[in-house]
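Q: Contents of run_28.txt (compact mmCIF, C-alpha atoms) are below:
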```
# COMPACT_ATOMS: atom_id res chain seq x y z
CA MET A 24 -10.46 9.99 42.15
CA ILE A 25 -10.58 13.71 42.89
CA HIS A 26 -10.21 14.43 39.22
CA GLY A 27 -13.20 12.22 38.43
CA GLN A 28 -15.35 13.87 41.07
CA VAL A 29 -14.60 17.34 39.78
CA LEU A 30 -15.62 16.30 36.30
CA THR A 31 -18.86 14.65 37.35
CA THR A 32 -19.97 17.71 39.29
CA SER A 33 -19.15 20.29 36.62
CA TRP A 34 -20.37 18.37 33.56
CA PRO A 35 -23.07 15.81 32.94
CA GLY A 36 -21.70 12.46 34.11
CA VAL A 37 -20.25 9.98 31.65
CA ARG A 38 -20.50 6.90 33.80
CA GLY A 39 -23.31 4.51 33.04
CA SER A 40 -24.83 6.67 30.28
CA VAL A 41 -26.99 4.31 28.25
CA PHE A 42 -26.91 6.58 25.22
CA LEU A 43 -23.10 6.72 25.21
CA LEU A 44 -22.94 3.00 25.72
CA ALA A 45 -25.16 2.44 22.70
CA ILE A 46 -22.98 4.71 20.54
CA ILE A 47 -19.80 3.01 21.73
CA SER A 48 -21.34 -0.37 20.97
CA LEU A 49 -22.00 0.78 17.42
CA ALA A 50 -18.43 2.05 17.20
CA ALA A 51 -17.16 -1.29 18.47
CA VAL A 52 -19.11 -3.21 15.83
CA GLY A 53 -18.00 -0.84 13.07
CA THR A 54 -14.32 -0.62 13.96
CA THR A 55 -14.00 -4.34 14.60
CA ALA A 56 -15.60 -5.12 11.24
CA VAL A 57 -13.21 -2.79 9.41
CA PHE A 58 -10.31 -4.19 11.42
CA ALA A 59 -11.22 -7.74 10.43
CA LEU A 60 -11.45 -6.60 6.81
CA SER A 61 -8.04 -4.95 6.96
CA LEU A 62 -6.47 -8.07 8.51
CA LEU A 63 -7.91 -10.23 5.74
CA ALA A 64 -6.57 -7.78 3.17
CA TYR A 65 -3.14 -7.83 4.81
CA ARG A 66 -3.15 -11.62 4.87
CA ARG A 67 -3.59 -11.59 1.13
CA ARG A 68 -1.32 -8.73 0.19
CA ARG A 69 1.52 -9.08 2.72
CA GLU A 70 2.63 -5.51 2.08
CA ARG A 71 4.00 -3.18 4.71
CA SER A 72 1.49 -0.43 3.94
CA TYR A 73 -1.36 -2.89 4.52
CA LEU A 74 0.14 -3.91 7.84
CA LEU A 75 0.34 -0.26 8.92
CA ILE A 76 -3.27 0.38 7.89
CA SER A 77 -4.34 -2.70 9.86
CA VAL A 78 -2.47 -1.48 12.95
CA ALA A 79 -4.05 1.98 12.58
CA ILE A 80 -7.54 0.47 12.39
CA GLY A 81 -6.64 -1.84 15.28
CA LEU A 82 -5.90 1.25 17.36
CA LEU A 83 -9.40 2.49 16.60
CA VAL A 84 -10.71 -0.72 18.15
CA VAL A 85 -8.58 -0.16 21.27
CA ARG A 86 -9.88 3.41 21.41
CA THR A 87 -13.43 2.05 21.54
CA ALA A 88 -12.42 -0.33 24.33
CA VAL A 89 -11.03 2.59 26.34
CA GLY A 90 -14.31 4.44 25.75
CA PHE A 91 -16.17 1.44 27.15
CA GLY A 92 -13.89 1.48 30.17
CA THR A 93 -14.63 5.13 30.88
CA VAL A 94 -18.38 4.74 30.62
CA ARG A 95 -18.27 1.74 32.91
CA GLY A 96 -16.12 3.65 35.39
CA VAL A 97 -12.98 1.54 34.95
CA THR A 98 -10.72 3.96 33.05
CA PRO A 99 -10.20 7.39 34.66
CA MET A 100 -10.92 10.39 32.45
CA LEU A 101 -7.27 11.46 32.41
CA TYR A 102 -6.07 8.13 31.00
CA HIS A 103 -8.99 8.17 28.62
CA HIS A 104 -7.93 11.45 27.06
CA LEU A 105 -4.25 10.54 27.17
CA VAL A 106 -4.81 7.24 25.35
CA GLU A 107 -7.34 8.60 22.84
CA HIS A 108 -5.25 11.54 21.70
CA THR A 109 -1.98 9.60 21.67
CA PHE A 110 -3.72 7.08 19.44
CA ASP A 111 -5.00 9.84 17.17
CA PHE A 112 -1.41 10.94 16.70
CA LEU A 113 -0.21 7.36 16.12
CA ILE A 114 -2.97 6.70 13.59
CA ALA A 115 -2.00 9.82 11.66
CA VAL A 116 1.66 8.73 11.66
CA LEU A 117 0.76 5.19 10.56
CA VAL A 118 -1.44 6.33 7.66
CA LEU A 119 1.17 8.84 6.49
CA THR A 120 3.90 6.19 6.67
CA ALA A 121 1.71 3.76 4.75
CA ALA A 122 1.13 6.36 2.04
CA TYR A 123 4.86 7.14 1.89
CA LEU A 124 5.87 3.47 1.76
CA SER A 125 3.38 2.62 -0.98
CA GLY A 126 4.79 5.46 -3.08
CA ALA A 127 8.32 4.15 -2.53
CA GLU A 128 7.25 0.58 -3.38
CA ALA A 129 5.52 1.70 -6.57
CA GLU A 130 8.67 3.59 -7.60
CA THR A 131 10.99 0.62 -7.06
CA ALA A 132 8.47 -1.60 -8.89
CA THR A 133 8.42 0.62 -11.99
CA ALA A 134 12.21 1.06 -11.83
CA GLY A 135 12.64 -2.72 -11.62
CA SER A 136 10.37 -3.64 -14.53
CA MET B 11 -19.08 -1.66 44.17
CA THR B 12 -18.87 -0.24 40.72
CA GLN B 13 -16.29 -2.88 39.89
CA GLU B 14 -18.74 -5.60 40.81
CA ARG B 15 -21.48 -4.05 38.74
CA VAL B 16 -19.11 -3.73 35.79
CA SER B 17 -17.99 -7.32 35.87
CA SER B 18 -21.51 -8.56 36.25
CA ARG B 19 -22.71 -6.58 33.25
CA PHE B 20 -19.78 -7.08 30.92
CA PRO B 21 -20.47 -10.70 30.03
CA ALA B 22 -23.85 -9.70 28.60
CA VAL B 23 -22.29 -6.96 26.50
CA SER B 24 -19.40 -9.06 25.25
CA GLY B 25 -21.74 -11.94 24.44
CA TRP B 26 -23.87 -9.63 22.37
CA LEU B 27 -20.83 -8.23 20.60
CA ARG B 28 -19.60 -11.71 19.88
CA TRP B 29 -22.93 -12.52 18.36
CA CYS B 30 -22.84 -9.40 16.19
CA LEU B 31 -19.32 -10.07 14.98
CA GLY B 32 -19.69 -13.81 14.72
CA GLY B 33 -21.50 -13.64 11.41
CA LEU B 34 -18.84 -11.50 9.79
CA ASP B 35 -16.24 -14.00 8.86
CA ARG B 36 -16.39 -16.99 11.14
CA ALA B 37 -19.15 -19.38 11.92
CA ASP B 38 -21.38 -18.04 14.66
CA PRO B 39 -20.08 -19.57 17.91
CA LEU B 40 -23.60 -19.68 19.28
CA ARG B 41 -24.86 -21.55 16.27
CA THR B 42 -23.57 -24.85 17.61
CA GLU B 43 -26.32 -24.99 20.20
CA PRO B 44 -29.95 -24.60 19.17
CA ARG B 45 -31.27 -21.76 21.24
CA ASN B 46 -34.91 -22.45 21.07
CA PRO B 47 -35.69 -26.06 21.97
CA VAL B 48 -39.38 -25.61 21.25
CA SER B 49 -38.89 -24.66 17.62
CA ARG B 50 -36.29 -27.40 17.21
CA ALA B 51 -38.75 -29.97 18.46
CA GLY B 52 -41.37 -28.58 16.11
CA THR B 53 -39.27 -29.26 13.04
CA GLU B 54 -39.22 -33.01 13.50
CA ASP B 55 -42.40 -33.78 11.66
CA GLY B 56 -43.48 -30.30 10.64
CA PRO B 57 -42.65 -28.65 7.33
CA VAL B 58 -38.98 -28.27 6.40
CA ARG B 59 -37.77 -25.29 8.34
CA LEU B 60 -34.40 -23.74 8.89
CA GLY B 61 -34.00 -23.94 12.64
CA ARG B 62 -30.37 -22.91 12.70
CA CYS B 63 -30.38 -19.95 10.37
CA PRO B 64 -28.77 -17.08 12.32
CA ARG B 65 -31.35 -14.64 11.02
CA ALA B 66 -34.14 -16.72 12.47
CA ARG B 67 -32.93 -15.75 15.90
CA SER B 68 -33.10 -12.01 15.29
CA LYS B 69 -36.02 -10.12 16.70
CA MET B 70 -37.17 -9.15 13.23
CA GLY B 71 -38.63 -12.62 12.89
CA THR B 72 -37.82 -12.90 9.19
CA ALA B 73 -38.93 -16.03 7.45
CA CYS B 74 -36.02 -18.19 6.43
CA ASP B 75 -37.85 -20.40 3.99
CA SER B 76 -36.57 -18.47 1.01
CA TYR B 77 -33.05 -18.87 -0.35
CA PRO B 78 -31.18 -16.63 2.10
CA LYS B 79 -28.57 -14.11 1.04
CA HIS B 80 -25.65 -15.59 2.91
CA ARG B 81 -26.08 -18.85 1.07
CA ARG B 82 -26.04 -17.52 -2.44
CA GLY B 83 -23.12 -18.81 -4.40
CA ILE B 84 -24.00 -22.40 -3.71
CA SER B 85 -26.42 -24.05 -6.03
CA PRO B 86 -30.08 -24.42 -5.02
CA GLU B 87 -29.77 -28.22 -5.07
CA VAL B 88 -26.98 -28.19 -2.50
CA TYR B 89 -28.91 -25.63 -0.50
CA ALA B 90 -32.05 -27.76 -0.57
CA ARG B 91 -30.05 -30.72 0.67
CA THR B 92 -28.59 -28.59 3.45
CA VAL B 93 -32.05 -27.50 4.54
CA TYR B 94 -33.22 -31.09 4.46
CA TYR B 95 -30.19 -32.06 6.47
CA GLU B 96 -30.78 -29.32 9.01
CA SER B 97 -34.37 -30.28 9.52
CA ASN B 98 -33.32 -33.77 10.54
CA THR B 99 -31.15 -34.99 13.39
CA MET B 100 -27.57 -33.81 13.46
CA SER B 101 -26.06 -37.19 14.25
CA ASN B 102 -25.89 -38.64 10.76
CA LYS B 103 -22.20 -38.20 9.99
CA SER B 104 -22.10 -39.72 6.54
CA GLU B 105 -24.82 -37.33 5.47
CA THR B 106 -22.81 -34.30 6.60
CA ARG B 107 -19.93 -35.65 4.59
CA ASP B 108 -22.16 -36.06 1.55
CA VAL B 109 -23.32 -32.47 1.81
CA ILE B 110 -19.72 -31.25 2.06
CA LEU B 111 -18.68 -33.44 -0.85
CA ASP B 112 -21.58 -32.15 -2.96
CA CYS B 113 -20.68 -28.61 -2.11
CA VAL B 114 -17.02 -29.09 -3.09
CA ASP B 115 -18.08 -30.94 -6.24
CA GLU B 116 -20.30 -28.11 -7.36
CA ASN B 117 -17.95 -25.33 -6.27
CA PRO B 118 -14.41 -26.44 -7.13
CA GLY B 119 -11.90 -24.14 -5.48
CA ILE B 120 -14.27 -23.13 -2.70
CA HIS B 121 -12.39 -21.93 0.36
CA PHE B 122 -12.89 -23.00 3.92
CA ASN B 123 -14.92 -20.06 5.26
CA GLU B 124 -17.25 -20.21 2.29
CA LEU B 125 -17.73 -23.90 2.88
CA VAL B 126 -18.57 -23.36 6.54
CA ARG B 127 -21.02 -20.63 5.62
CA SER B 128 -22.73 -22.86 3.12
CA ILE B 129 -23.05 -25.79 5.47
CA SER B 130 -24.49 -25.57 8.89
CA PRO B 131 -22.42 -27.75 11.28
CA ALA B 132 -19.94 -25.96 13.51
CA THR B 133 -16.48 -25.23 12.10
CA GLY B 134 -14.92 -28.07 14.06
CA GLN B 135 -17.29 -30.57 12.51
CA VAL B 136 -16.63 -29.32 9.00
CA GLN B 137 -12.91 -29.54 9.70
CA TYR B 138 -13.28 -33.12 10.90
CA HIS B 139 -15.31 -34.22 7.90
CA ILE B 140 -13.06 -32.40 5.45
CA ARG B 141 -10.05 -34.20 6.94
CA ARG B 142 -11.81 -37.51 6.49
CA LEU B 143 -12.72 -36.67 2.90
CA ILE B 144 -9.10 -35.74 2.21
CA ASP B 145 -7.87 -38.96 3.83
CA SER B 146 -10.16 -41.00 1.63
CA ASN B 147 -8.98 -39.05 -1.45
CA GLU B 148 -12.41 -37.73 -2.31
CA VAL B 149 -11.43 -34.10 -1.81
CA ASP B 150 -8.11 -32.32 -2.36
CA ARG B 151 -6.82 -29.27 -0.58
CA MET B 152 -4.57 -26.52 -1.87
CA SER B 153 -3.24 -23.38 -0.21
CA LEU B 154 -3.11 -20.35 -2.41
CA TYR B 155 -2.15 -16.77 -1.50
CA GLY B 156 -3.23 -17.00 2.12
CA ARG B 157 -6.33 -19.16 1.75
CA THR B 158 -7.15 -22.83 1.64
CA HIS B 159 -9.22 -24.05 -1.29
CA TYR B 160 -10.94 -27.41 -1.74
CA TYR B 161 -11.40 -29.36 -4.95
CA PRO B 162 -13.09 -32.55 -6.00
CA ALA B 163 -10.33 -35.15 -6.36
CA GLU B 164 -10.92 -35.53 -10.09
CA TYR B 165 -10.57 -31.79 -10.78
CA PRO B 166 -7.67 -31.21 -13.20
CA GLU B 167 -4.54 -30.11 -11.32
CA GLY B 168 -3.63 -27.48 -13.88
CA ASP B 169 -6.92 -25.63 -13.42
CA ARG B 170 -6.95 -25.54 -9.63
CA GLY B 171 -5.01 -22.35 -9.05
CA ALA B 172 -6.80 -20.64 -11.92
CA VAL B 173 -10.31 -21.44 -10.74
CA ALA B 174 -9.46 -20.28 -7.20
CA LEU B 175 -8.20 -16.95 -8.55
CA LEU B 176 -11.28 -16.48 -10.69
CA ARG B 177 -13.34 -16.64 -7.51
CA ARG B 178 -11.83 -13.29 -6.52
CA GLU B 179 -13.73 -10.37 -7.92
CA THR B 180 -11.00 -8.09 -9.19
CA ALA B 181 -8.90 -10.89 -10.66
CA ARG B 182 -12.01 -12.09 -12.45
CA GLY B 183 -12.72 -8.55 -13.68
CA ILE B 184 -9.22 -8.21 -15.13
CA VAL B 185 -9.46 -11.52 -16.99
CA VAL B 186 -12.91 -10.65 -18.35
CA TYR B 187 -11.67 -7.22 -19.47
CA VAL B 188 -8.69 -8.68 -21.30
CA ILE B 189 -10.83 -11.35 -22.97
CA GLU B 190 -13.42 -8.81 -24.07
CA ASN B 191 -11.01 -6.10 -25.23
CA GLY B 192 -8.20 -8.27 -26.52
CA GLU B 193 -4.57 -7.28 -26.00
CA SER B 194 -4.58 -4.22 -23.73
CA HIS B 195 -2.11 -1.88 -22.15
CA PRO B 196 -2.04 -2.16 -18.32
CA GLU B 197 -3.10 1.46 -17.98
CA GLU B 198 -6.21 0.86 -20.08
CA VAL B 199 -7.12 -2.13 -17.94
CA ALA B 200 -6.66 -0.19 -14.69
CA ASP B 201 -8.69 2.74 -16.01
CA GLY B 202 -11.36 0.49 -17.47
CA LEU B 203 -11.89 -1.26 -14.15
CA GLY B 204 -11.35 1.83 -12.00
CA ILE B 205 -8.55 0.24 -9.97
CA ALA B 206 -5.12 1.55 -9.01
CA ARG B 207 -2.05 0.41 -10.96
CA SER B 208 -0.64 -1.29 -7.86
CA THR B 209 -3.85 -3.31 -7.47
CA LEU B 210 -3.61 -4.33 -11.11
CA GLU B 211 0.07 -5.26 -10.91
CA TRP B 212 -0.51 -7.41 -7.83
CA HIS B 213 -3.34 -9.29 -9.51
CA LEU B 214 -1.46 -9.60 -12.81
CA GLY B 215 1.40 -11.30 -10.99
CA ARG B 216 -0.95 -13.95 -9.61
CA LEU B 217 -2.84 -14.33 -12.88
CA GLU B 218 0.43 -14.85 -14.77
CA GLU B 219 1.53 -17.46 -12.25
CA GLN B 220 -1.66 -19.38 -12.85
CA GLY B 221 -1.42 -19.04 -16.60
CA LEU B 222 -4.55 -16.99 -17.13
CA VAL B 223 -2.94 -13.92 -18.67
CA GLU B 224 0.42 -13.07 -20.13
CA LYS B 225 2.44 -9.90 -20.34
CA ALA B 226 4.00 -9.39 -23.73
CA ARG B 227 5.97 -6.64 -25.37
CA GLY B 228 3.69 -5.32 -28.04
CA ASP B 229 4.70 -2.83 -30.70
CA GLY B 230 7.78 -0.94 -29.55
CA SER B 231 8.52 -1.28 -25.86
CA ARG B 232 4.91 -1.10 -24.68
CA VAL B 233 3.94 -3.90 -22.34
CA CYS B 234 0.61 -5.50 -23.19
CA VAL B 235 -1.58 -7.88 -21.28
CA GLU B 236 -3.25 -10.68 -23.15
CA ALA B 237 -5.43 -13.60 -22.19
CA VAL B 238 -4.06 -17.13 -22.31
CA GLY B 239 -6.30 -20.08 -23.17
CA GLU B 240 -9.46 -18.05 -23.53
CA GLU B 241 -11.79 -20.99 -24.08
CA ARG B 242 -10.68 -22.77 -20.96
CA THR B 243 -11.02 -19.54 -18.94
CA VAL B 244 -14.52 -18.82 -20.23
CA GLU B 245 -15.53 -22.35 -19.30
CA MET B 246 -14.22 -21.89 -15.76
CA LEU B 247 -15.80 -18.47 -15.45
CA SER B 248 -19.22 -19.67 -16.44
CA ASP B 249 -20.03 -21.46 -13.21
CA ILE B 250 -18.35 -19.53 -10.42
CA SER B 251 -18.93 -16.20 -8.78
CA PRO B 252 -17.12 -14.56 -5.85
CA SER B 253 -18.89 -14.68 -2.49
CA LEU B 254 -19.93 -11.56 -0.59
CA PRO B 255 -17.06 -11.56 2.00
CA ASP B 256 -14.63 -12.14 -0.84
CA ARG B 257 -16.00 -9.11 -2.62
CA LEU B 258 -15.77 -7.05 0.55
CA VAL B 259 -12.06 -7.80 1.09
CA ASP B 260 -11.37 -7.25 -2.58
CA ARG B 261 -13.07 -3.88 -2.61
CA PHE B 262 -11.33 -2.88 0.59
CA MET B 263 -7.96 -3.59 -1.06
CA ASN B 264 -8.96 -1.58 -4.11
CA MET B 265 -10.01 1.30 -1.89
CA VAL B 266 -6.77 1.29 0.11
CA ASP B 267 -4.70 1.14 -3.07
CA ARG B 268 -6.52 4.08 -4.59
CA MET B 269 -6.39 6.01 -1.34
CA LEU B 270 -2.63 5.50 -1.00
CA GLU B 271 -1.85 6.11 -4.61
CA GLU B 272 -3.86 9.12 -5.67
CA PRO B 273 -2.19 11.85 -3.59
CA GLY B 274 1.19 10.87 -5.07
CA GLY B 275 -0.27 10.77 -8.57
CA GLU B 276 1.68 9.86 -11.65
```
Take the structure in the file and write it out as structure tokens.
A:
Amino acid sequence: MIHGQVLTTSWPGVRGSVFLLAIISLAAVGTTAVFALSLLAYRRRRERSYLLISVAIGLLVVRTAVGFGTVRGVTPMLYHHLVEHTFDFLIAVLVLTAAYLSGAEAETATAGS
Amino acid sequence: MTQERVSSRFPAVSGWLRWCLGGLDRADPLRTEPRNPVSRAGTEDGPVRLGRCPRARSKMGTACDSYPKHRRGISPEVYARTVYYESNTMSNKSETRDVILDCVDENPGIHFNELVRSISPATGQVQYHIRRLIDSNEVDRMSLYGRTHYYPAEYPEGDRGAVALLRRETARGIVVYVIENGESHPEEVADGLGIARSTLEWHLGRLEEQGLVEKARGDGSRVCVEAVGEERTVEMLSDISPSLPDRLVDRFMNMVDRMLEEPGGE
């Protein structure tokens, strides 16, 4: 609580900002659309790299949800930052792993044929 | 206090989001209930109008009399019947079934989401009618690589998998390339279509399974791809085209493959 109060007095408040809410709504629409697309792609391909990409994009959707929470005054700023930046790290790891795995799969495929 | 305000405002936001996302892949959940009773009543003896077109509800107020984008891919005759159907009461079950049957007849290999998009009743209703049509052996169902496709009962069994694959943009592109350019090396095909080798290999596997192309050892040890049964393929190709969501997923897969493959290089 104290943390939140300090922030609202020193910087323009985040809570209830209509502008932010509009941006986050756009982000929600965008990320959910891409997430749906990645899930459909995974359903067809059934490859590990596609699963990882889907999870990474899914995290983007969760990020947006956390953003919503902060603007609506449900998620404290500390958790907001903690979650967002942890997810950034996880997304980077997931995409790198996907890239690595696809390279490995391609190699075994060419070695096998 | 804030909590109360949040919970009282969230339903509005989530409802709006659901509306926005509803059109993406599934049938719009709100589409089951006509929103504007006045305009519904007006359609009874007025000119044929599309009361349930999702775009009609948007604030833009676009006219829906023309052949709308999300219905392309079905033939104008089926579309006209759908509009006629929509302008009348929704209770006539045999008519819904006729529209579905027509749609499957004209688009063999159509998959469920496409069918729902082409026909207005809610997903549950389409499911119900499809089940009835399958029970009475008028329509057949086949699952293929993560999707369910529907065929008119008389559609030749051997062509079912092939026609479903040809509905997918990249697979179709590969077949067309091989038919146009004759026997080709996989690398040429991938370069010609601008797709990654892994994308090509995945599609080639499916296309081989369905007997549309064949991998053969050409001169030396080079592997070549060649078309099988060209005439039959051209015939199938002539009357189908991939739908917009299909294209979107296909292009997403191509993008991911290229993105994952290029840094490694060959």
Q: I need every residue sitting at most 10 Å from the point (-13.1, 2.8, 26.1) (coordinates as in the file, all atoms listed in the file considered), written as a list in words.
A: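 I get Leu44, Ile47, Ala51, Val84, Val85, Arg86, Thr87, Ala88, Val89, Gly90, Phe91, Gly92, Thr93, Val94, Arg95, Gly96, Val97, Thr98, His103, Val106 and Glu107 of chain A for the residues within 10 Å of that point.
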Q: The selected residues should be written to file as a compact mmCIF listing (two decimals), in the coordinates of the input (atoms: C-alpha atoms).
A:
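Result file is result_15.txt:
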```
# COMPACT_ATOMS: atom_id res chain seq x y z
CA LEU A 44 -22.94 3.00 25.72
CA ILE A 47 -19.80 3.01 21.73
CA ALA A 51 -17.16 -1.29 18.47
CA VAL A 84 -10.71 -0.72 18.15
CA VAL A 85 -8.58 -0.16 21.27
CA ARG A 86 -9.88 3.41 21.41
CA THR A 87 -13.43 2.05 21.54
CA ALA A 88 -12.42 -0.33 24.33
CA VAL A 89 -11.03 2.59 26.34
CA GLY A 90 -14.31 4.44 25.75
CA PHE A 91 -16.17 1.44 27.15
CA GLY A 92 -13.89 1.48 30.17
CA THR A 93 -14.63 5.13 30.88
CA VAL A 94 -18.38 4.74 30.62
CA ARG A 95 -18.27 1.74 32.91
CA GLY A 96 -16.12 3.65 35.39
CA VAL A 97 -12.98 1.54 34.95
CA THR A 98 -10.72 3.96 33.05
CA HIS A 103 -8.99 8.17 28.62
CA VAL A 106 -4.81 7.24 25.35
CA GLU A 107 -7.34 8.60 22.84
```
Q: Select all residues from chain A having any atom no more than 12 Å from an atom of chain B (counting only C-alpha atoms, ignoring ligands), output as a PyMOL selection string.
A: chain A and resi 38-39+44-45+47-70+72-77+88+91-98+118-133+136
Q: Name all residues at most 8 Å from Leu222 in chain B (count all atoms listed in the file; drop same-chain ones fewer than 4 positions away) and give them as a list in words.
A: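 Final neighbour list, sorted by chain and number: Ala172, Val185, Leu217, Glu218, Ala237, Val238, Gly239 and Thr243 of chain B.
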Q: Report, as lines of an AutoDock Vina configuration file, the axis-aligned box around all atoms of range 48-66 of chain A present in the file, extended by 3 Å on each side; give centre and edge lengths in Å to one decimal place.
A:
```
center_x = -12.6
center_y = -4.8
center_z = 12.1
size_x = 24.9
size_y = 19.7
size_z = 23.8
```
Q: Using only C-alpha atoms, can you tell me which of B:Val114, B:Leu175, B:Ala226, B:Leu143 comes closest to Tyr161 in chain B?
A: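 Using only C-alpha atoms, the shortest distance to Tyr161 in chain B belongs to B:Val114.
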Q: Figure out the distance between CA of Met265 in chain B and CA of His121 in chain B, please, to one decimal in Å.
A: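 So the two atoms, CA of His121 in chain B and CA of Met265 in chain B, lie 23.5 Å apart.
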Q: Give as a PyMOL selection string every residue, naming chains and numbers as the document does, that has an atom within 12 Å of (-14.0, -29.4, -1.5), counting only C-alpha atoms.
A: chain B and resi 107-126+128-129+136-137+139-144+147-152+158-165+170+174
Q: Could you turn the residues from that selection into a file that holds C-alpha atoms, as an mmCIF file, in the coordinates of the input?
A:
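File produced: part.cif:
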```
data_model
loop_
_atom_site.group_PDB
_atom_site.id
_atom_site.type_symbol
_atom_site.label_atom_id
_atom_site.label_comp_id
_atom_site.auth_asym_id
_atom_site.auth_seq_id
_atom_site.Cartn_x
_atom_site.Cartn_y
_atom_site.Cartn_z
ATOM 1 C CA ARG B 107 -19.930 -35.650 4.590
ATOM 2 C CA ASP B 108 -22.160 -36.060 1.550
ATOM 3 C CA VAL B 109 -23.320 -32.470 1.810
ATOM 4 C CA ILE B 110 -19.720 -31.250 2.060
ATOM 5 C CA LEU B 111 -18.680 -33.440 -0.850
ATOM 6 C CA ASP B 112 -21.580 -32.150 -2.960
ATOM 7 C CA CYS B 113 -20.680 -28.610 -2.110
ATOM 8 C CA VAL B 114 -17.020 -29.090 -3.090
ATOM 9 C CA ASP B 115 -18.080 -30.940 -6.240
ATOM 10 C CA GLU B 116 -20.300 -28.110 -7.360
ATOM 11 C CA ASN B 117 -17.950 -25.330 -6.270
ATOM 12 C CA PRO B 118 -14.410 -26.440 -7.130
ATOM 13 C CA GLY B 119 -11.900 -24.140 -5.480
ATOM 14 C CA ILE B 120 -14.270 -23.130 -2.700
ATOM 15 C CA HIS B 121 -12.390 -21.930 0.360
ATOM 16 C CA PHE B 122 -12.890 -23.000 3.920
ATOM 17 C CA ASN B 123 -14.920 -20.060 5.260
ATOM 18 C CA GLU B 124 -17.250 -20.210 2.290
ATOM 19 C CA LEU B 125 -17.730 -23.900 2.880
ATOM 20 C CA VAL B 126 -18.570 -23.360 6.540
ATOM 21 C CA SER B 128 -22.730 -22.860 3.120
ATOM 22 C CA ILE B 129 -23.050 -25.790 5.470
ATOM 23 C CA VAL B 136 -16.630 -29.320 9.000
ATOM 24 C CA GLN B 137 -12.910 -29.540 9.700
ATOM 25 C CA HIS B 139 -15.310 -34.220 7.900
ATOM 26 C CA ILE B 140 -13.060 -32.400 5.450
ATOM 27 C CA ARG B 141 -10.050 -34.200 6.940
ATOM 28 C CA ARG B 142 -11.810 -37.510 6.490
ATOM 29 C CA LEU B 143 -12.720 -36.670 2.900
ATOM 30 C CA ILE B 144 -9.100 -35.740 2.210
ATOM 31 C CA ASN B 147 -8.980 -39.050 -1.450
ATOM 32 C CA GLU B 148 -12.410 -37.730 -2.310
ATOM 33 C CA VAL B 149 -11.430 -34.100 -1.810
ATOM 34 C CA ASP B 150 -8.110 -32.320 -2.360
ATOM 35 C CA ARG B 151 -6.820 -29.270 -0.580
ATOM 36 C CA MET B 152 -4.570 -26.520 -1.870
ATOM 37 C CA THR B 158 -7.150 -22.830 1.640
ATOM 38 C CA HIS B 159 -9.220 -24.050 -1.290
ATOM 39 C CA TYR B 160 -10.940 -27.410 -1.740
ATOM 40 C CA TYR B 161 -11.400 -29.360 -4.950
ATOM 41 C CA PRO B 162 -13.090 -32.550 -6.000
ATOM 42 C CA ALA B 163 -10.330 -35.150 -6.360
ATOM 43 C CA GLU B 164 -10.920 -35.530 -10.090
ATOM 44 C CA TYR B 165 -10.570 -31.790 -10.780
ATOM 45 C CA ARG B 170 -6.950 -25.540 -9.630
ATOM 46 C CA ALA B 174 -9.460 -20.280 -7.200
#
```
Q: Record the distance separating CA of Ile189 in chain B and CA of Leu176 in chain B, expressed in Å with one decimal.
A: 13.3 Å
Q: What is the CA of Gly168 in chain B to CA of Gly192 in chain B distance in Å?
A: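 Going from CA of Gly168 in chain B over to CA of Gly192 in chain B covers 23.4 Å.
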